[in-house]
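Data block for coords-v5.cif (mmCIF, N, CA and C atoms):
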data_data
loop_
_atom_site.label_atom_id
_atom_site.label_comp_id
_atom_site.auth_asym_id
_atom_site.auth_seq_id
_atom_site.Cartn_x
_atom_site.Cartn_y
_atom_site.Cartn_z
N MET A 1 98.58 108.61 118.85
CA MET A 1 98.89 108.96 117.49
C MET A 1 100.32 109.46 117.41
N ALA A 2 100.87 109.47 116.22
CA ALA A 2 102.25 109.89 116.04
C ALA A 2 102.40 111.39 116.34
N ALA A 3 103.55 111.77 116.84
CA ALA A 3 103.81 113.16 117.14
C ALA A 3 103.86 113.98 115.85
N ARG A 4 103.50 115.24 115.97
CA ARG A 4 103.53 116.14 114.82
C ARG A 4 104.97 116.33 114.35
N ARG A 5 105.14 116.28 113.05
CA ARG A 5 106.44 116.54 112.43
C ARG A 5 106.24 117.62 111.40
N GLU A 6 107.33 118.23 110.98
CA GLU A 6 107.22 119.25 109.96
C GLU A 6 106.65 118.67 108.67
N LYS A 7 107.16 117.55 108.24
CA LYS A 7 106.77 116.94 106.98
C LYS A 7 106.04 115.63 107.26
N VAL A 8 105.00 115.36 106.49
CA VAL A 8 104.29 114.09 106.63
C VAL A 8 105.12 113.00 105.94
N VAL A 9 105.43 111.96 106.67
CA VAL A 9 106.18 110.84 106.11
C VAL A 9 105.21 109.95 105.35
N THR A 10 105.56 109.63 104.10
CA THR A 10 104.68 108.79 103.27
C THR A 10 105.30 107.43 102.96
N VAL A 11 106.61 107.30 103.08
CA VAL A 11 107.28 106.05 102.73
C VAL A 11 106.85 104.93 103.68
N GLN A 12 106.50 103.80 103.09
CA GLN A 12 106.02 102.61 103.80
C GLN A 12 104.75 102.92 104.59
N ARG A 13 103.91 103.78 104.02
CA ARG A 13 102.65 104.15 104.65
C ARG A 13 101.48 103.81 103.73
N LEU A 14 100.43 103.29 104.33
CA LEU A 14 99.15 103.15 103.68
C LEU A 14 98.39 104.41 104.03
N MET A 15 97.98 105.17 103.02
CA MET A 15 97.27 106.43 103.25
C MET A 15 95.85 106.31 102.71
N ALA A 16 94.92 106.98 103.39
CA ALA A 16 93.51 106.90 103.00
C ALA A 16 92.78 108.18 103.41
N VAL A 17 91.71 108.47 102.68
CA VAL A 17 90.83 109.59 103.00
C VAL A 17 89.63 109.05 103.77
N ILE A 18 89.25 109.76 104.82
CA ILE A 18 88.03 109.46 105.56
C ILE A 18 87.22 110.76 105.56
N ASP A 19 86.02 110.68 105.01
CA ASP A 19 85.22 111.89 104.78
C ASP A 19 84.82 112.62 106.05
N LYS A 20 84.54 111.92 107.10
CA LYS A 20 84.13 112.54 108.36
C LYS A 20 85.30 112.48 109.35
N PRO A 21 85.85 113.64 109.71
CA PRO A 21 87.03 113.65 110.60
C PRO A 21 86.84 112.86 111.89
N GLU A 22 85.63 112.88 112.47
CA GLU A 22 85.43 112.12 113.71
C GLU A 22 85.57 110.62 113.47
N ALA A 23 85.27 110.16 112.26
CA ALA A 23 85.43 108.74 111.93
C ALA A 23 86.91 108.36 111.84
N ALA A 24 87.78 109.33 111.55
CA ALA A 24 89.21 109.05 111.48
C ALA A 24 89.76 108.68 112.85
N SER A 25 89.28 109.36 113.87
CA SER A 25 89.71 109.03 115.25
C SER A 25 89.25 107.63 115.63
N LEU A 26 88.03 107.29 115.24
CA LEU A 26 87.52 105.94 115.51
C LEU A 26 88.34 104.89 114.75
N ALA A 27 88.70 105.21 113.50
CA ALA A 27 89.52 104.29 112.71
C ALA A 27 90.89 104.10 113.35
N ALA A 28 91.48 105.19 113.86
CA ALA A 28 92.78 105.09 114.53
C ALA A 28 92.67 104.18 115.75
N GLY A 29 91.60 104.31 116.50
CA GLY A 29 91.39 103.44 117.65
C GLY A 29 91.24 101.98 117.23
N ALA A 30 90.54 101.74 116.14
CA ALA A 30 90.37 100.38 115.64
C ALA A 30 91.71 99.79 115.19
N LEU A 31 92.56 100.62 114.60
CA LEU A 31 93.89 100.16 114.19
C LEU A 31 94.73 99.75 115.41
N VAL A 32 94.64 100.54 116.47
CA VAL A 32 95.37 100.21 117.71
C VAL A 32 94.85 98.88 118.26
N ARG A 33 93.52 98.72 118.27
CA ARG A 33 92.95 97.46 118.77
C ARG A 33 93.37 96.28 117.89
N GLU A 34 93.67 96.55 116.63
CA GLU A 34 94.09 95.50 115.70
C GLU A 34 95.59 95.19 115.87
N GLY A 35 96.27 95.93 116.74
CA GLY A 35 97.67 95.62 117.03
C GLY A 35 98.69 96.61 116.50
N PHE A 36 98.24 97.68 115.84
CA PHE A 36 99.19 98.68 115.36
C PHE A 36 99.56 99.61 116.51
N PRO A 37 100.85 99.90 116.68
CA PRO A 37 101.22 100.84 117.74
C PRO A 37 100.71 102.24 117.41
N ALA A 38 100.34 103.00 118.42
CA ALA A 38 99.80 104.34 118.21
C ALA A 38 100.75 105.22 117.40
N GLU A 39 102.06 105.04 117.61
CA GLU A 39 103.03 105.88 116.88
C GLU A 39 103.12 105.52 115.40
N ALA A 40 102.50 104.42 114.98
CA ALA A 40 102.48 104.03 113.57
C ALA A 40 101.32 104.66 112.82
N ILE A 41 100.48 105.40 113.54
CA ILE A 41 99.25 105.96 112.96
C ILE A 41 99.32 107.48 113.02
N THR A 42 99.08 108.12 111.88
CA THR A 42 99.03 109.57 111.82
C THR A 42 97.68 109.97 111.26
N VAL A 43 96.95 110.79 112.01
CA VAL A 43 95.67 111.32 111.56
C VAL A 43 95.87 112.80 111.24
N LEU A 44 95.50 113.18 110.05
CA LEU A 44 95.70 114.55 109.57
C LEU A 44 94.36 115.24 109.40
N HIS A 45 94.32 116.53 109.77
CA HIS A 45 93.12 117.35 109.64
C HIS A 45 93.51 118.76 109.20
N GLY A 46 92.75 119.36 108.35
CA GLY A 46 92.83 120.79 108.09
C GLY A 46 94.01 121.28 107.27
N ASP A 47 94.01 122.62 107.12
CA ASP A 47 95.00 123.29 106.28
C ASP A 47 96.43 123.13 106.79
N ARG A 48 96.61 123.15 108.10
CA ARG A 48 97.97 123.04 108.66
C ARG A 48 98.61 121.71 108.26
N ASP A 49 97.84 120.64 108.36
CA ASP A 49 98.37 119.34 107.96
C ASP A 49 98.50 119.23 106.45
N ALA A 50 97.61 119.89 105.71
CA ALA A 50 97.74 119.92 104.24
C ALA A 50 99.07 120.57 103.86
N ASP A 51 99.41 121.64 104.56
CA ASP A 51 100.71 122.30 104.31
C ASP A 51 101.87 121.37 104.62
N ARG A 52 101.71 120.48 105.57
CA ARG A 52 102.78 119.53 105.92
C ARG A 52 103.00 118.50 104.81
N ILE A 53 101.94 118.18 104.06
CA ILE A 53 102.12 117.28 102.91
C ILE A 53 102.89 118.01 101.82
N ASP A 54 102.54 119.26 101.58
CA ASP A 54 103.27 120.12 100.64
C ASP A 54 103.53 119.42 99.31
N SER A 55 102.45 118.97 98.68
CA SER A 55 102.56 118.16 97.47
C SER A 55 103.25 118.87 96.31
N LEU A 56 103.16 120.18 96.25
CA LEU A 56 103.79 120.91 95.15
C LEU A 56 105.08 121.62 95.57
N GLY A 57 105.47 121.47 96.82
CA GLY A 57 106.71 122.10 97.29
C GLY A 57 106.59 123.59 97.53
N LYS A 58 105.37 124.12 97.63
CA LYS A 58 105.15 125.56 97.79
C LYS A 58 105.61 126.07 99.15
N MET A 59 105.49 125.23 100.18
CA MET A 59 105.74 125.67 101.54
C MET A 59 107.20 125.52 101.97
N SER A 60 108.00 124.83 101.17
CA SER A 60 109.33 124.44 101.62
C SER A 60 110.48 125.12 100.90
N GLY A 61 110.19 126.07 100.07
CA GLY A 61 111.26 126.78 99.40
C GLY A 61 111.56 126.26 98.00
N PRO A 62 112.46 126.95 97.30
CA PRO A 62 112.70 126.65 95.88
C PRO A 62 113.31 125.27 95.61
N TRP A 63 114.17 124.78 96.49
CA TRP A 63 114.78 123.47 96.24
C TRP A 63 113.75 122.35 96.37
N ARG A 64 112.90 122.47 97.38
CA ARG A 64 111.84 121.48 97.57
C ARG A 64 110.86 121.51 96.39
N LYS A 65 110.56 122.71 95.92
CA LYS A 65 109.65 122.86 94.77
C LYS A 65 110.25 122.19 93.54
N LEU A 66 111.54 122.39 93.34
CA LEU A 66 112.23 121.75 92.21
C LEU A 66 112.22 120.23 92.38
N TRP A 67 112.51 119.74 93.59
CA TRP A 67 112.50 118.31 93.84
C TRP A 67 111.11 117.72 93.58
N ARG A 68 110.05 118.41 94.00
CA ARG A 68 108.69 117.93 93.75
C ARG A 68 108.42 117.86 92.24
N ALA A 69 108.91 118.83 91.49
CA ALA A 69 108.73 118.80 90.03
C ALA A 69 109.40 117.58 89.42
N VAL A 70 110.60 117.26 89.90
CA VAL A 70 111.30 116.06 89.43
C VAL A 70 110.50 114.82 89.81
N GLN A 71 110.02 114.77 91.04
CA GLN A 71 109.23 113.63 91.48
C GLN A 71 107.98 113.43 90.63
N PHE A 72 107.32 114.54 90.24
CA PHE A 72 106.12 114.43 89.42
C PHE A 72 106.41 113.79 88.07
N THR A 73 107.61 114.00 87.55
CA THR A 73 107.94 113.40 86.26
C THR A 73 108.37 111.95 86.39
N GLN A 74 108.76 111.53 87.58
CA GLN A 74 109.30 110.19 87.78
C GLN A 74 108.34 109.22 88.48
N ALA A 75 107.42 109.72 89.28
CA ALA A 75 106.56 108.84 90.08
C ALA A 75 105.09 109.14 89.78
N ASP A 76 104.40 108.16 89.26
CA ASP A 76 103.01 108.38 88.87
C ASP A 76 102.08 108.61 90.06
N GLN A 77 102.49 108.28 91.27
CA GLN A 77 101.63 108.45 92.43
C GLN A 77 101.76 109.83 93.08
N MET A 78 102.64 110.68 92.58
CA MET A 78 102.80 111.99 93.21
C MET A 78 101.51 112.79 93.20
N VAL A 79 100.70 112.64 92.17
CA VAL A 79 99.43 113.35 92.13
C VAL A 79 98.51 112.91 93.27
N ASP A 80 98.70 111.72 93.80
CA ASP A 80 97.90 111.27 94.94
C ASP A 80 98.13 112.17 96.15
N LEU A 81 99.34 112.65 96.34
CA LEU A 81 99.60 113.56 97.45
C LEU A 81 98.81 114.85 97.29
N VAL A 82 98.65 115.29 96.05
CA VAL A 82 97.83 116.48 95.78
C VAL A 82 96.39 116.21 96.21
N MET A 83 95.90 115.02 95.94
CA MET A 83 94.53 114.66 96.32
C MET A 83 94.37 114.62 97.84
N TYR A 84 95.36 114.08 98.54
CA TYR A 84 95.29 114.05 100.00
C TYR A 84 95.28 115.47 100.56
N GLU A 85 96.12 116.31 100.00
CA GLU A 85 96.17 117.70 100.44
C GLU A 85 94.83 118.39 100.18
N ALA A 86 94.25 118.18 99.00
CA ALA A 86 92.95 118.79 98.67
C ALA A 86 91.84 118.26 99.57
N ALA A 87 91.90 116.97 99.91
CA ALA A 87 90.89 116.39 100.80
C ALA A 87 90.94 117.06 102.18
N LEU A 88 92.14 117.32 102.67
CA LEU A 88 92.29 118.00 103.96
C LEU A 88 91.73 119.41 103.89
N ARG A 89 91.99 120.11 102.81
CA ARG A 89 91.50 121.48 102.65
C ARG A 89 89.98 121.50 102.47
N ASP A 90 89.41 120.37 102.07
CA ASP A 90 87.96 120.25 101.88
C ASP A 90 87.25 119.82 103.17
N GLY A 91 87.98 119.67 104.27
CA GLY A 91 87.36 119.33 105.54
C GLY A 91 87.33 117.84 105.85
N ARG A 92 87.98 117.04 105.04
CA ARG A 92 88.04 115.60 105.29
C ARG A 92 89.29 115.29 106.12
N ALA A 93 89.45 114.06 106.51
CA ALA A 93 90.64 113.63 107.25
C ALA A 93 91.44 112.67 106.37
N VAL A 94 92.72 112.61 106.62
CA VAL A 94 93.60 111.64 105.97
C VAL A 94 94.30 110.88 107.08
N ILE A 95 94.37 109.57 106.90
CA ILE A 95 95.04 108.73 107.89
C ILE A 95 96.17 107.99 107.20
N ALA A 96 97.32 107.93 107.86
CA ALA A 96 98.48 107.21 107.33
C ALA A 96 98.90 106.17 108.37
N VAL A 97 99.15 104.96 107.89
CA VAL A 97 99.53 103.86 108.77
C VAL A 97 100.86 103.30 108.30
N HIS A 98 101.84 103.28 109.20
CA HIS A 98 103.13 102.68 108.87
C HIS A 98 102.94 101.17 108.85
N ALA A 99 103.09 100.59 107.67
CA ALA A 99 102.83 99.15 107.51
C ALA A 99 103.82 98.58 106.49
N ARG A 100 105.00 98.22 106.97
CA ARG A 100 106.05 97.71 106.07
C ARG A 100 105.72 96.35 105.49
N ARG A 101 105.18 95.47 106.32
CA ARG A 101 104.94 94.09 105.88
C ARG A 101 103.59 93.97 105.19
N ALA A 102 103.51 93.07 104.21
CA ALA A 102 102.27 92.86 103.45
C ALA A 102 101.11 92.47 104.37
N GLU A 103 101.38 91.64 105.37
CA GLU A 103 100.32 91.22 106.29
C GLU A 103 99.76 92.42 107.06
N ASP A 104 100.64 93.33 107.45
CA ASP A 104 100.19 94.53 108.17
C ASP A 104 99.35 95.42 107.26
N ARG A 105 99.77 95.54 106.01
CA ARG A 105 99.00 96.35 105.06
C ARG A 105 97.60 95.78 104.87
N GLU A 106 97.52 94.47 104.76
CA GLU A 106 96.20 93.84 104.57
C GLU A 106 95.29 94.10 105.76
N ARG A 107 95.83 93.98 106.97
CA ARG A 107 95.04 94.25 108.16
C ARG A 107 94.59 95.71 108.20
N ALA A 108 95.52 96.61 107.88
CA ALA A 108 95.18 98.04 107.88
C ALA A 108 94.13 98.35 106.82
N LYS A 109 94.26 97.76 105.64
CA LYS A 109 93.26 97.98 104.58
C LYS A 109 91.88 97.58 105.05
N GLN A 110 91.77 96.43 105.69
CA GLN A 110 90.47 95.95 106.16
C GLN A 110 89.87 96.88 107.21
N VAL A 111 90.70 97.31 108.16
CA VAL A 111 90.21 98.21 109.21
C VAL A 111 89.76 99.53 108.60
N LEU A 112 90.57 100.09 107.71
CA LEU A 112 90.23 101.38 107.12
C LEU A 112 88.99 101.28 106.23
N ALA A 113 88.88 100.22 105.45
CA ALA A 113 87.70 100.04 104.60
C ALA A 113 86.44 99.94 105.46
N ALA A 114 86.52 99.23 106.57
CA ALA A 114 85.38 99.11 107.47
C ALA A 114 84.99 100.46 108.08
N ALA A 115 85.95 101.38 108.18
CA ALA A 115 85.70 102.71 108.73
C ALA A 115 85.21 103.69 107.66
N GLY A 116 85.06 103.20 106.43
CA GLY A 116 84.56 104.06 105.35
C GLY A 116 85.64 104.78 104.58
N ALA A 117 86.90 104.39 104.76
CA ALA A 117 88.00 105.04 104.06
C ALA A 117 87.95 104.72 102.57
N HIS A 118 88.45 105.65 101.79
CA HIS A 118 88.58 105.45 100.35
C HIS A 118 89.85 106.16 99.89
N PHE A 119 90.12 106.07 98.63
CA PHE A 119 91.35 106.59 98.03
C PHE A 119 92.56 106.12 98.84
N MET A 120 92.65 104.80 99.01
CA MET A 120 93.76 104.20 99.73
C MET A 120 94.90 103.90 98.75
N ASN A 121 96.09 104.27 99.17
CA ASN A 121 97.30 104.01 98.39
C ASN A 121 98.41 103.63 99.34
N TYR A 122 99.23 102.69 98.92
CA TYR A 122 100.41 102.33 99.71
C TYR A 122 101.63 102.89 99.01
N PHE A 123 102.43 103.64 99.74
CA PHE A 123 103.66 104.24 99.23
C PHE A 123 104.85 103.45 99.78
N GLY A 124 105.39 102.55 98.97
CA GLY A 124 106.56 101.78 99.37
C GLY A 124 107.83 102.55 99.12
N ARG A 125 108.95 101.90 99.33
CA ARG A 125 110.24 102.56 99.07
C ARG A 125 110.48 102.76 97.58
N LEU A 126 110.15 101.74 96.78
CA LEU A 126 110.44 101.81 95.34
C LEU A 126 109.21 101.70 94.46
N SER A 127 108.07 101.42 95.06
CA SER A 127 106.86 101.29 94.26
C SER A 127 105.66 101.74 95.08
N THR A 128 104.56 101.92 94.39
CA THR A 128 103.32 102.29 95.05
C THR A 128 102.22 101.33 94.62
N GLU A 129 101.16 101.30 95.40
CA GLU A 129 100.05 100.41 95.09
C GLU A 129 98.74 101.18 95.25
N ASP A 130 97.93 101.18 94.19
CA ASP A 130 96.56 101.72 94.27
C ASP A 130 95.72 100.67 94.97
N VAL A 131 95.08 101.03 96.06
CA VAL A 131 94.28 100.07 96.81
C VAL A 131 92.79 100.29 96.54
N SER A 132 92.33 101.54 96.63
CA SER A 132 90.93 101.84 96.35
C SER A 132 90.82 103.22 95.72
N ARG A 133 89.77 103.38 94.94
CA ARG A 133 89.55 104.63 94.21
C ARG A 133 88.91 105.70 95.08
N TRP A 134 88.92 106.91 94.52
CA TRP A 134 88.25 108.03 95.15
C TRP A 134 86.74 107.80 95.06
N ARG A 135 86.02 108.16 96.12
CA ARG A 135 84.55 108.14 96.13
C ARG A 135 84.04 109.52 96.46
N GLY A 136 82.95 109.91 95.85
CA GLY A 136 82.34 111.19 96.19
C GLY A 136 82.64 112.26 95.18
N LYS A 137 82.28 113.49 95.55
CA LYS A 137 82.44 114.60 94.61
C LYS A 137 83.92 114.86 94.33
N GLU A 138 84.15 115.33 93.13
CA GLU A 138 85.51 115.66 92.71
C GLU A 138 85.99 116.89 93.47
N LEU A 139 87.26 116.88 93.87
CA LEU A 139 87.82 117.99 94.62
C LEU A 139 88.46 119.02 93.69
N PRO A 140 88.42 120.28 94.10
CA PRO A 140 89.15 121.29 93.32
C PRO A 140 90.65 121.08 93.53
N LEU A 141 91.39 121.03 92.44
CA LEU A 141 92.84 120.83 92.52
C LEU A 141 93.56 122.10 92.11
N HIS A 142 94.84 122.15 92.40
CA HIS A 142 95.67 123.28 92.05
C HIS A 142 95.62 123.48 90.52
N PRO A 143 95.46 124.73 90.05
CA PRO A 143 95.34 124.99 88.61
C PRO A 143 96.50 124.47 87.77
N ILE A 144 97.70 124.36 88.34
CA ILE A 144 98.85 123.89 87.58
C ILE A 144 98.65 122.45 87.10
N LEU A 145 97.81 121.70 87.77
CA LEU A 145 97.57 120.30 87.40
C LEU A 145 96.64 120.15 86.22
N TYR A 146 95.98 121.23 85.81
CA TYR A 146 95.06 121.16 84.68
C TYR A 146 95.71 121.57 83.37
N ARG A 147 96.97 121.90 83.38
CA ARG A 147 97.66 122.35 82.15
C ARG A 147 98.05 121.19 81.29
#

So, in terms of C-alpha coordinates, how does the structure I just supplied come out?
Amino acid sequence: MAARREKVVTVQRLMAVIDKPEAASLAAGALVREGFPAEAITVLHGDRDADRIDSLGKMSGPWRKLWRAVQFTQADQMVDLVMYEAALRDGRAVIAVHARRAEDRERAKQVLAAAGAHFMNYFGRLSTEDVSRWRGKELPLHPILYR
(Lines of atoms letter the chains of each structure in order from A and count residues from 1; the text may use other names and numbers.)
(Lines give C-alpha, C1' and ligand atoms only; values in the text may rest on other atoms or scores of the structure.)
Protein backbone atom coordinates (compact mmCIF):
# COMPACT_ATOMS: atom_id res chain seq x y z
CA MET A 1 0.00 0.00 0.00
CA ALA A 2 1.07 3.60 -0.45
CA ALA A 3 3.15 5.19 2.28
CA ARG A 4 1.40 7.47 4.76
CA ARG A 5 1.40 11.12 3.80
CA GLU A 6 0.19 14.15 5.66
CA LYS A 7 -2.58 14.82 3.16
CA VAL A 8 -4.62 12.28 1.23
CA VAL A 9 -4.09 12.78 -2.49
CA THR A 10 -7.39 12.72 -4.39
CA VAL A 11 -6.39 13.93 -7.87
CA GLN A 12 -6.61 11.17 -10.49
CA ARG A 13 -7.95 8.81 -7.83
CA LEU A 14 -10.98 6.56 -7.81
CA MET A 15 -12.24 6.64 -4.22
CA ALA A 16 -14.76 4.31 -2.62
CA VAL A 17 -16.23 3.35 0.75
CA ILE A 18 -16.02 -0.24 1.95
CA ASP A 19 -18.20 -0.90 4.99
CA LYS A 20 -16.06 -3.62 6.54
CA PRO A 21 -12.43 -2.54 7.03
CA GLU A 22 -11.14 -6.12 6.63
CA ALA A 23 -12.78 -6.22 3.18
CA ALA A 24 -10.73 -3.16 2.18
CA SER A 25 -7.50 -5.11 2.63
CA LEU A 26 -8.90 -7.92 0.50
CA ALA A 27 -9.94 -5.37 -2.15
CA ALA A 28 -6.43 -3.89 -2.14
CA GLY A 29 -5.01 -7.37 -2.71
CA ALA A 30 -7.45 -7.94 -5.58
CA LEU A 31 -6.37 -4.64 -7.15
CA VAL A 32 -2.71 -5.72 -6.99
CA ARG A 33 -3.62 -9.05 -8.60
CA GLU A 34 -5.43 -7.06 -11.31
CA GLY A 35 -2.15 -5.30 -12.11
CA PHE A 36 -2.25 -2.11 -10.03
CA PRO A 37 1.04 -1.37 -8.27
CA ALA A 38 0.77 -1.42 -4.47
CA GLU A 39 1.89 2.23 -4.30
CA ALA A 40 -1.16 3.20 -6.40
CA ILE A 41 -3.51 1.97 -3.67
CA THR A 42 -4.25 3.78 -0.42
CA VAL A 43 -6.43 2.17 2.24
CA LEU A 44 -7.70 4.55 4.91
CA HIS A 45 -9.06 3.67 8.36
CA GLY A 46 -10.17 5.62 11.40
CA ASP A 47 -10.02 9.15 12.73
CA ARG A 48 -6.33 9.72 11.94
CA ASP A 49 -6.90 9.12 8.25
CA ALA A 50 -10.14 11.15 8.37
CA ASP A 51 -8.04 14.05 9.65
CA ARG A 52 -5.70 13.56 6.67
CA ILE A 53 -8.62 14.13 4.28
CA ASP A 54 -9.44 17.33 6.19
CA SER A 55 -12.49 18.07 4.05
CA LEU A 56 -13.30 21.33 5.83
CA GLY A 57 -9.72 22.52 6.36
CA LYS A 58 -10.05 22.34 10.17
CA MET A 59 -6.76 20.50 10.72
CA SER A 60 -4.54 22.56 8.43
CA GLY A 61 -4.87 26.11 9.62
CA PRO A 62 -6.70 29.24 8.45
CA TRP A 63 -5.36 29.37 4.87
CA ARG A 64 -6.33 25.77 4.18
CA LYS A 65 -9.76 26.41 5.70
CA LEU A 66 -10.22 29.41 3.42
CA TRP A 67 -9.05 27.39 0.39
CA ARG A 68 -11.54 24.61 1.24
CA ALA A 69 -14.33 27.21 1.43
CA VAL A 70 -13.39 28.44 -2.06
CA GLN A 71 -13.29 24.86 -3.32
CA PHE A 72 -16.78 24.19 -1.91
CA THR A 73 -18.16 27.05 -3.99
CA GLN A 74 -16.38 25.94 -7.16
CA ALA A 75 -16.42 22.12 -7.16
CA ASP A 76 -19.62 20.18 -6.65
CA GLN A 77 -17.72 17.06 -5.55
CA MET A 78 -16.11 18.66 -2.50
CA VAL A 79 -18.96 17.41 -0.32
CA ASP A 80 -17.91 13.88 -1.30
CA LEU A 81 -14.71 14.36 0.71
CA VAL A 82 -16.90 15.16 3.71
CA MET A 83 -18.69 11.84 3.17
CA TYR A 84 -15.41 9.92 2.98
CA GLU A 85 -14.24 11.57 6.17
CA ALA A 86 -17.55 10.75 7.92
CA ALA A 87 -17.37 7.14 6.70
CA LEU A 88 -13.93 6.78 8.28
CA ARG A 89 -15.17 8.24 11.56
CA ASP A 90 -18.08 5.77 11.42
CA GLY A 91 -15.69 2.79 11.36
CA ARG A 92 -15.75 2.10 7.63
CA ALA A 93 -12.75 2.05 5.29
CA VAL A 94 -12.04 4.23 2.27
CA ILE A 95 -9.87 3.05 -0.58
CA ALA A 96 -8.25 5.29 -3.20
CA VAL A 97 -6.74 3.97 -6.42
CA HIS A 98 -4.50 6.05 -8.65
CA ALA A 99 -6.01 5.42 -12.08
CA ARG A 100 -5.21 8.07 -14.69
CA ARG A 101 -6.33 6.12 -17.74
CA ALA A 102 -9.98 5.28 -18.44
CA GLU A 103 -9.14 1.58 -18.87
CA ASP A 104 -7.51 1.52 -15.43
CA ARG A 105 -10.53 3.21 -13.87
CA GLU A 106 -12.86 0.64 -15.40
CA ARG A 107 -10.77 -2.24 -14.04
CA ALA A 108 -10.61 -0.62 -10.60
CA LYS A 109 -14.37 0.01 -10.59
CA GLN A 110 -15.06 -3.65 -11.32
CA VAL A 111 -12.69 -4.90 -8.62
CA LEU A 112 -14.05 -2.49 -6.02
CA ALA A 113 -17.69 -3.22 -6.88
CA ALA A 114 -17.00 -6.95 -6.53
CA ALA A 115 -15.55 -6.21 -3.06
CA GLY A 116 -18.77 -4.48 -2.01
CA ALA A 117 -17.54 -0.91 -2.41
CA HIS A 118 -20.02 1.91 -2.84
CA PHE A 119 -19.99 5.69 -3.05
CA MET A 120 -17.34 5.52 -5.76
CA ASN A 121 -16.17 8.78 -7.30
CA TYR A 122 -13.33 9.58 -9.64
CA PHE A 123 -11.51 12.86 -8.99
CA GLY A 124 -9.77 13.96 -12.18
CA ARG A 125 -7.63 17.03 -12.69
CA LEU A 126 -10.45 19.18 -14.07
CA SER A 127 -13.58 17.12 -13.59
CA THR A 128 -15.11 14.47 -11.39
CA GLU A 129 -17.27 11.47 -12.09
CA ASP A 130 -20.00 9.96 -9.89
CA VAL A 131 -19.59 6.21 -10.26
CA SER A 132 -21.92 4.74 -7.63
CA ARG A 133 -24.23 6.06 -4.94
CA TRP A 134 -24.06 5.76 -1.19
CA ARG A 135 -25.61 2.58 0.25
CA GLY A 136 -26.72 2.05 3.83
CA LYS A 137 -27.61 4.29 6.71
CA GLU A 138 -27.07 8.00 6.39
CA LEU A 139 -23.97 9.30 8.14
CA PRO A 140 -23.89 12.21 10.58
CA LEU A 141 -22.22 15.14 8.83
CA HIS A 142 -20.62 18.31 10.12
CA PRO A 143 -23.36 20.77 11.25
CA ILE A 144 -22.04 23.50 8.93
CA LEU A 145 -23.25 21.44 5.96
CA TYR A 146 -26.87 21.61 7.11
CA ARG A 147 -27.11 25.42 6.96

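Here the PyMOL selection byres (((chain A and resi 44 and name CA) around 6) and name CA) captures the residues A:Val43, A:His45, A:Asp49, A:Ala93, A:Val94.
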
Quick one: residues within 8 Å of Arg13 (chain A), all atoms listed in the file, excluding same-chain residues fewer than 6 positions away - as a PDB file with N, CA and C atoms, keeping the file's coordinate frame?
ATOM      1  N   ILE A  95      94.370 109.570 106.900  1.00  0.00           N
ATOM      2  CA  ILE A  95      95.040 108.730 107.890  1.00  0.00           C
ATOM      3  C   ILE A  95      96.170 107.990 107.200  1.00  0.00           C
ATOM      4  N   ALA A  96      97.320 107.930 107.860  1.00  0.00           N
ATOM      5  CA  ALA A  96      98.480 107.210 107.330  1.00  0.00           C
ATOM      6  C   ALA A  96      98.900 106.170 108.370  1.00  0.00           C
ATOM      7  N   VAL A  97      99.150 104.960 107.890  1.00  0.00           N
ATOM      8  CA  VAL A  97      99.530 103.860 108.770  1.00  0.00           C
ATOM      9  C   VAL A  97     100.860 103.300 108.300  1.00  0.00           C
ATOM     10  N   HIS A  98     101.840 103.280 109.200  1.00  0.00           N
ATOM     11  CA  HIS A  98     103.130 102.680 108.870  1.00  0.00           C
ATOM     12  C   HIS A  98     102.940 101.170 108.850  1.00  0.00           C
ATOM     13  N   ALA A  99     103.090 100.590 107.670  1.00  0.00           N
ATOM     14  CA  ALA A  99     102.830  99.150 107.510  1.00  0.00           C
ATOM     15  C   ALA A  99     103.820  98.580 106.490  1.00  0.00           C
ATOM     16  N   ARG A 100     105.000  98.220 106.970  1.00  0.00           N
ATOM     17  CA  ARG A 100     106.050  97.710 106.070  1.00  0.00           C
ATOM     18  C   ARG A 100     105.720  96.350 105.490  1.00  0.00           C
ATOM     19  N   ARG A 105      99.770  95.540 106.010  1.00  0.00           N
ATOM     20  CA  ARG A 105      99.000  96.350 105.060  1.00  0.00           C
ATOM     21  C   ARG A 105      97.600  95.780 104.870  1.00  0.00           C
ATOM     22  N   ASN A 121      96.090 104.270  99.170  1.00  0.00           N
ATOM     23  CA  ASN A 121      97.300 104.010  98.390  1.00  0.00           C
ATOM     24  C   ASN A 121      98.410 103.630  99.340  1.00  0.00           C
ATOM     25  N   TYR A 122      99.230 102.690  98.920  1.00  0.00           N
ATOM     26  CA  TYR A 122     100.410 102.330  99.710  1.00  0.00           C
ATOM     27  C   TYR A 122     101.630 102.890  99.010  1.00  0.00           C
ATOM     28  N   PHE A 123     102.430 103.640  99.740  1.00  0.00           N
ATOM     29  CA  PHE A 123     103.660 104.240  99.230  1.00  0.00           C
ATOM     30  C   PHE A 123     104.850 103.450  99.780  1.00  0.00           C
ATOM     31  N   GLY A 124     105.390 102.550  98.970  1.00  0.00           N
ATOM     32  CA  GLY A 124     106.560 101.780  99.370  1.00  0.00           C
ATOM     33  C   GLY A 124     107.830 102.550  99.120  1.00  0.00           C
ATOM     34  N   ARG A 125     108.950 101.900  99.330  1.00  0.00           N
ATOM     35  CA  ARG A 125     110.240 102.560  99.070  1.00  0.00           C
ATOM     36  C   ARG A 125     110.480 102.760  97.580  1.00  0.00           C
TER      37      ARG A 125
END

- the PyMOL selection byres ((chain A and resi 19-26) around 8) applied to the shown file, residues as a ChimeraX atom specification: /A:16-18,27-32,43-45,91-95,115-118

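Going from CA of Gln110 (chain A) to CA of Glu6 (chain A) covers 28.9 Å.
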
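Atom N of Leu112 (chain A) is found 18.1 Å from CA of Thr128 (chain A).
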
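Here atom C of Pro37 (chain A) is placed at a distance of 14.3 Å from atom C of Glu103 (chain A).
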
- Message: Please enumerate the residues selected by the PyMOL selection byres ((chain A and resi 84) around 8) when evaluated against the supplied file, formatted as a ChimeraX atom specification.
- Response: /A:16-17,49-50,53,79-83,85-90,93-94

- Task: Extract the full set of strand (DSSP E or B) residues from region 76-135 of chain A according to DSSP on the backbone, and format it as a count of residues only.
- Result: 15

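Closest approach to Met120 (chain A) among A:Met15, A:Ala38, A:Ala108, A:Ala102 is made by A:Met15 (distances from all atoms listed in the file).
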